[in-house]
Every structure is written in structure tokens, then in C-alpha cells.
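J.: One structure follows; several queries about it will come next.
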Amino acid sequence: QVQLVESGGGLVQPGGSLRISCVGSGFSFDVWDVNWYRQAPGKQRELVARIDPAGRVTDYSDAVKGRFTISRDNTKNTVSLILNNLKTEDTAVYYCHTFIYPRHYWGQGTQVTISS
């Protein structure tokens with residue numbers, strides 16, 4: 001079955017950096033877009049970044065543009081998100097997501113906490 005497993009979250013000071021990753025299995029990984037969402041306490045889940053199957057087209061929310069970078073390695077079924085210049089408002093659970101018609105698939109999430 002389709003699985004997405006995130007890793008790499010943690011506690012970082014403001015201004016710091018972090019790399020989180022998502023490994024997919026159970027589907028043709030190089031055929032589908034993969035997205036990163038995040039959900040902060042008391043807020044709705046929001047789209048942070050997306051990447052097309054070939055890794056050539058990326059898109060970011062305004063909140064993270066210029067600070068986060070999404071990439072993928074289809075040989076390892078992995079999508080990564082590098083988070084730079086982190087701010088306290090980046091604190092959230094980060095989820096890996098893909099849509100394989102007609103279903104949405106989510107990972108279990110990885111906690112990213114920005115605090116001094």
C-alpha cells in the first residue's frame with residue numbers, strides 16, 4: 001500500500017536550518033507530484049511546497065519562498081525540504097502528501113519546533 005514516511009524534524013533556534021525528508025513506497029514514486037504541508041497548533045493545514053514528478057518544477061507558499069527548498073531523488077523515492085532562516089512561526093507538524101487519483105495520501109508528520 002501507499003506509504004509516506006517523514007523524518008528529520010527537531011528543535012532549532014531562530015535563524016537556524018533543518019532538513020526534513022519523506023520516503024515513499026507502494027507506488028510509482030516518479031509519476032506523481034509530492035507536496036509538503038504544515039499545521040501549526042490551532043491553525044489549518046497549509047501547503048508549503050510542491051515538486052513535480054521530474055523535480056523540475058517547484059512552487060512555494062509566500063511564507064517560505066526564498067527560505068525553503070524542495071527537491072527529490074527518484075532513485076531513492078525521497079523528497080526533501082531544506083528549511084533555512086527558520087522563524088518561530090515555522091513551528092508546526094510538517095506532512096508529506098501526494099494525490100494519486102482518487103485518493104489523498106499523508107505521512108504521519110514530523111514536528112519542527114523553532115525556539116530559543
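Naming scheme: A, B, ... for chains in displayed order of the C-alpha cells; residues 1 onward per chain; ligands 1 onward as shown.
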Can you check which residues of chain A DSSP gives as strand (DSSP E) on the backbone and send them as a PyMOL selection string?
T.: chain A and resi 3-7+10-12+18-25+34-39+46-51+58-60+68-73+78-83+92-100+103-106+110-114
J.: Find the residues around region 62-70 of chain A up to 9 Å (only C-alpha atoms counted), leave out those fewer than 5 positions away in its own chain, and share them as a list in words.
T.: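 Surrounding residues, per the criterion: Asn35, Trp36, Val48, Ala49, Arg50, Ile51, Gly55, Val79, Ser80, Leu81, Ile82, Leu83, Asn84, Asn85, Leu86 and Asp90 of chain A.
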J.: Write a file of the just-selected residues containing all heavy atoms, as a CSV table (one decimal), in the first residue's frame.
T.:
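See part15.csv below for the written result:
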chain,number,residue,atom,x,y,z
A,35,ASN,N,4.1,16.9,-2.2
A,35,ASN,CA,3.9,18.2,-1.5
A,35,ASN,C,4.3,18.1,-0.1
A,35,ASN,O,4.2,17.0,0.6
A,35,ASN,CB,2.4,18.6,-1.6
A,35,ASN,CG,1.9,18.5,-3.0
A,35,ASN,OD1,2.3,19.1,-3.9
A,35,ASN,ND2,0.8,17.7,-3.1
A,36,TRP,N,4.7,19.2,0.5
A,36,TRP,CA,4.9,19.4,1.9
A,36,TRP,C,3.8,20.3,2.4
A,36,TRP,O,3.7,21.4,1.9
A,36,TRP,CB,6.3,19.9,2.2
A,36,TRP,CG,7.4,18.9,2.2
A,36,TRP,CD1,8.3,18.7,1.2
A,36,TRP,CD2,7.7,18.0,3.2
A,36,TRP,NE1,9.1,17.7,1.5
A,36,TRP,CE2,8.8,17.2,2.8
A,36,TRP,CE3,7.1,17.6,4.5
A,36,TRP,CZ2,9.4,16.2,3.5
A,36,TRP,CZ3,7.7,16.6,5.2
A,36,TRP,CH2,8.8,15.9,4.7
A,48,VAL,N,3.0,24.1,1.8
A,48,VAL,CA,4.3,24.9,1.9
A,48,VAL,C,5.0,24.8,0.6
A,48,VAL,O,5.6,25.8,0.2
A,48,VAL,CB,5.1,24.2,3.1
A,48,VAL,CG1,6.5,24.8,3.1
A,48,VAL,CG2,4.4,24.4,4.4
A,49,ALA,N,5.1,23.6,0.0
A,49,ALA,CA,5.9,23.5,-1.2
A,49,ALA,C,5.5,22.3,-1.9
A,49,ALA,O,4.9,21.3,-1.4
A,49,ALA,CB,7.4,23.3,-0.8
A,50,ARG,N,5.7,22.3,-3.2
A,50,ARG,CA,5.3,21.2,-4.1
A,50,ARG,C,6.4,21.0,-5.1
A,50,ARG,O,7.1,21.9,-5.5
A,50,ARG,CB,4.0,21.3,-4.7
A,50,ARG,CG,3.9,22.5,-5.7
A,50,ARG,CD,2.6,22.5,-6.5
A,50,ARG,NE,2.7,21.5,-7.5
A,50,ARG,CZ,3.2,21.7,-8.7
A,50,ARG,NH1,3.6,22.8,-9.1
A,50,ARG,NH2,3.2,20.7,-9.6
A,51,ILE,N,6.5,19.7,-5.6
A,51,ILE,CA,7.5,19.5,-6.7
A,51,ILE,C,6.9,18.5,-7.6
A,51,ILE,O,6.2,17.6,-7.2
A,51,ILE,CB,8.8,18.9,-6.0
A,51,ILE,CG1,9.9,18.8,-7.1
A,51,ILE,CG2,8.6,17.6,-5.3
A,51,ILE,CD1,11.3,18.6,-6.4
A,55,GLY,N,11.0,16.6,-10.8
A,55,GLY,CA,11.8,17.5,-10.0
A,55,GLY,C,12.2,18.8,-10.6
A,55,GLY,O,13.1,19.5,-10.1
A,79,VAL,N,11.7,12.7,-1.2
A,79,VAL,CA,11.6,14.2,-1.3
A,79,VAL,C,12.1,14.9,-0.1
A,79,VAL,O,11.7,14.4,1.0
A,79,VAL,CB,10.1,14.6,-1.6
A,79,VAL,CG1,10.0,16.1,-1.6
A,79,VAL,CG2,9.7,14.1,-3.0
A,80,SER,N,12.9,15.9,-0.2
A,80,SER,CA,13.5,16.6,0.9
A,80,SER,C,13.0,18.0,0.9
A,80,SER,O,12.7,18.6,-0.1
A,80,SER,CB,15.0,16.5,0.9
A,80,SER,OG,15.5,15.2,1.0
A,81,LEU,N,13.0,18.6,2.1
A,81,LEU,CA,12.7,20.0,2.3
A,81,LEU,C,13.8,20.6,3.2
A,81,LEU,O,13.9,20.2,4.3
A,81,LEU,CB,11.3,20.2,2.9
A,81,LEU,CG,10.8,21.7,2.9
A,81,LEU,CD1,10.6,22.2,1.5
A,81,LEU,CD2,9.6,21.8,3.7
A,82,ILE,N,14.6,21.5,2.6
A,82,ILE,CA,15.6,22.2,3.4
A,82,ILE,C,14.9,23.5,3.9
A,82,ILE,O,14.4,24.3,3.1
A,82,ILE,CB,16.8,22.5,2.6
A,82,ILE,CG1,17.5,21.2,2.1
A,82,ILE,CG2,17.8,23.4,3.4
A,82,ILE,CD1,18.7,21.4,1.2
A,83,LEU,N,15.0,23.7,5.2
A,83,LEU,CA,14.4,24.9,5.8
A,83,LEU,C,15.5,25.8,6.4
A,83,LEU,O,16.2,25.4,7.3
A,83,LEU,CB,13.5,24.5,7.0
A,83,LEU,CG,12.3,23.6,6.7
A,83,LEU,CD1,12.6,22.2,6.3
A,83,LEU,CD2,11.4,23.5,8.0
A,84,ASN,N,15.6,26.9,5.8
A,84,ASN,CA,16.7,27.9,6.2
A,84,ASN,C,16.1,29.1,6.9
A,84,ASN,O,14.9,29.4,6.7
A,84,ASN,CB,17.5,28.3,5.0
A,84,ASN,CG,18.4,27.2,4.5
A,84,ASN,OD1,19.0,26.4,5.2
A,84,ASN,ND2,18.6,27.2,3.2
A,85,ASN,N,16.9,29.8,7.6
A,85,ASN,CA,16.5,31.1,8.3
A,85,ASN,C,15.1,30.9,9.0
A,85,ASN,O,14.2,31.6,8.8
A,85,ASN,CB,16.4,32.2,7.2
A,85,ASN,CG,16.2,33.6,7.8
A,85,ASN,OD1,16.4,33.8,9.0
A,85,ASN,ND2,15.6,34.5,7.1
A,86,LEU,N,15.1,29.9,9.8
A,86,LEU,CA,13.8,29.5,10.4
A,86,LEU,C,13.3,30.5,11.4
A,86,LEU,O,14.1,31.2,12.1
A,86,LEU,CB,14.0,28.1,11.1
A,86,LEU,CG,14.0,27.0,10.1
A,86,LEU,CD1,14.6,25.7,10.7
A,86,LEU,CD2,12.5,26.7,9.7
A,90,ASP,N,7.4,29.2,11.9
A,90,ASP,CA,7.6,28.0,11.2
A,90,ASP,C,7.3,26.8,12.0
A,90,ASP,O,7.3,25.6,11.5
A,90,ASP,CB,9.0,27.9,10.6
A,90,ASP,CG,9.3,29.0,9.5
A,90,ASP,OD1,8.4,29.3,8.7
A,90,ASP,OD2,10.4,29.5,9.5
J.: For Leu47 (chain A), find every residue with an atom within 7 Å (counting only C-alpha atoms), except residues of its own chain fewer than 4 positions away, and show them as a ChimeraX atom specification.
T.: /A:36-38,61
J.: Mind writing the picked residues with N, CA, C and O atoms as a PDB file, in the first residue's frame?
T.:
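Full text of selection-v3.pdb as output:
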ATOM      1  N   TRP A  36       4.711  19.210   0.462  1.00  0.00           N
ATOM      2  CA  TRP A  36       4.886  19.373   1.905  1.00  0.00           C
ATOM      3  C   TRP A  36       3.823  20.345   2.415  1.00  0.00           C
ATOM      4  O   TRP A  36       3.668  21.440   1.871  1.00  0.00           O
ATOM      5  N   TYR A  37       3.097  19.909   3.424  1.00  0.00           N
ATOM      6  CA  TYR A  37       2.152  20.750   4.136  1.00  0.00           C
ATOM      7  C   TYR A  37       2.667  20.925   5.565  1.00  0.00           C
ATOM      8  O   TYR A  37       3.520  20.168   6.030  1.00  0.00           O
ATOM      9  N   ARG A  38       2.099  21.891   6.258  1.00  0.00           N
ATOM     10  CA  ARG A  38       2.386  22.028   7.677  1.00  0.00           C
ATOM     11  C   ARG A  38       1.121  22.472   8.414  1.00  0.00           C
ATOM     12  O   ARG A  38       0.245  23.100   7.830  1.00  0.00           O
ATOM     13  N   SER A  61       4.861  28.463  -0.913  1.00  0.00           N
ATOM     14  CA  SER A  61       3.972  29.475  -0.355  1.00  0.00           C
ATOM     15  C   SER A  61       4.771  30.754  -0.142  1.00  0.00           C
ATOM     16  O   SER A  61       6.003  30.734  -0.006  1.00  0.00           O
TER      17      SER A  61
END
J.: One decimal, in Å: what's the spacing between CA of Ser116 (chain A) and CA of Tyr60 (chain A)?
T.: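 Value for the CA of Ser116 (chain A)-CA of Tyr60 (chain A) distance: 25.9 Å.
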J.: Tell me, as a VMD selection string, which residues lie within 7 Å of Val12 (chain A), counting only C-alpha atoms; anything in the same chain fewer than 5 positions away does not count.
T.: chain A and resid 113 to 115
J.: Could you give me, as a list of chain:residue names, the residues within 12 Å of Pro41 (chain A), counting only C-alpha atoms and dropping anything in the same chain fewer than 4 positions from it?
T.: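 Counting only C-alpha atoms, the residues come to A:Arg45, A:Glu46, A:Glu89, A:Asp90, A:Thr91, A:Ala92, A:Val93, A:Tyr94, A:Gln111, A:Val112, A:Thr113.
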J.: Per DSSP on the backbone, what are the helix (DSSP H, G or I) residues of chain A, as a PDB file with N, CA and C atoms, in the first residue's frame?
T.:
ATOM      1  N   PHE A  29       6.770   6.187  -7.619  1.00  0.00           N
ATOM      2  CA  PHE A  29       7.131   7.462  -6.994  1.00  0.00           C
ATOM      3  C   PHE A  29       7.421   8.548  -8.026  1.00  0.00           C
ATOM      4  N   ASP A  30       8.009   8.180  -9.147  1.00  0.00           N
ATOM      5  CA  ASP A  30       8.435   9.181 -10.125  1.00  0.00           C
ATOM      6  C   ASP A  30       7.333   9.617 -11.083  1.00  0.00           C
ATOM      7  N   VAL A  31       6.097   9.291 -10.753  1.00  0.00           N
ATOM      8  CA  VAL A  31       4.980   9.655 -11.616  1.00  0.00           C
ATOM      9  C   VAL A  31       4.134  10.786 -11.018  1.00  0.00           C
ATOM     10  N   THR A  88      10.102  31.528  14.389  1.00  0.00           N
ATOM     11  CA  THR A  88       9.220  30.866  15.357  1.00  0.00           C
ATOM     12  C   THR A  88       7.886  30.490  14.724  1.00  0.00           C
ATOM     13  N   GLU A  89       7.440  31.280  13.761  1.00  0.00           N
ATOM     14  CA  GLU A  89       6.163  30.965  13.111  1.00  0.00           C
ATOM     15  C   GLU A  89       6.247  29.768  12.158  1.00  0.00           C
ATOM     16  N   ASP A  90       7.432  29.228  11.950  1.00  0.00           N
ATOM     17  CA  ASP A  90       7.577  27.997  11.171  1.00  0.00           C
ATOM     18  C   ASP A  90       7.312  26.751  12.016  1.00  0.00           C
TER      19      ASP A  90
END
J.: Determine the nearest neighbour of Asp73 (chain A) from the options A:Gly8, A:Gly42, A:Gly15, A:Gly24, counting only C-alpha atoms.
T.: A:Gly24
J.: Which neighbours of Ser28 (chain A) fall inside 12 Å, counting only C-alpha atoms, when residues of the same chain fewer than 5 positions from it are skipped, and could you give them as a PDB file with C-alpha atoms, in the first residue's frame?
T.:
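Listing of result.pdb after writing:
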ATOM      1  CA  GLN A   1       0.000   0.000   0.000  1.00  0.00           C
ATOM      2  CA  VAL A   2       0.998   3.626  -0.415  1.00  0.00           C
ATOM      3  CA  GLN A   3       3.170   4.889   2.424  1.00  0.00           C
ATOM      4  CA  ASP A  33       3.733  15.348  -7.532  1.00  0.00           C
ATOM      5  CA  VAL A  34       4.785  15.369  -3.890  1.00  0.00           C
ATOM      6  CA  PRO A  53       7.460  14.198 -10.764  1.00  0.00           C
ATOM      7  CA  ASN A  74      13.540   9.445  -7.549  1.00  0.00           C
ATOM      8  CA  THR A  75      16.279   6.807  -7.345  1.00  0.00           C
ATOM      9  CA  LYS A  76      15.718   6.809  -3.572  1.00  0.00           C
ATOM     10  CA  ASN A  77      11.969   7.571  -3.583  1.00  0.00           C
ATOM     11  CA  THR A  78      12.758  10.591  -1.457  1.00  0.00           C
ATOM     12  CA  THR A  98       0.656  13.022  -2.586  1.00  0.00           C
ATOM     13  CA  ILE A 100      -2.960   9.533  -6.557  1.00  0.00           C
TER      14      ILE A 100
END
J.: One decimal, in Å: what's the spacing between CA of Phe99 (chain A) and CA of Ser21 (chain A)?
T.: 17.7 Å
J.: Out of A:Ser71, A:Thr58, A:Gln13, A:Gln39, which residue has the shortest atom-to-atom distance to Gly109 (chain A) when counting only C-alpha atoms?
T.: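 Nearest to Gly109 (chain A): A:Gln39.
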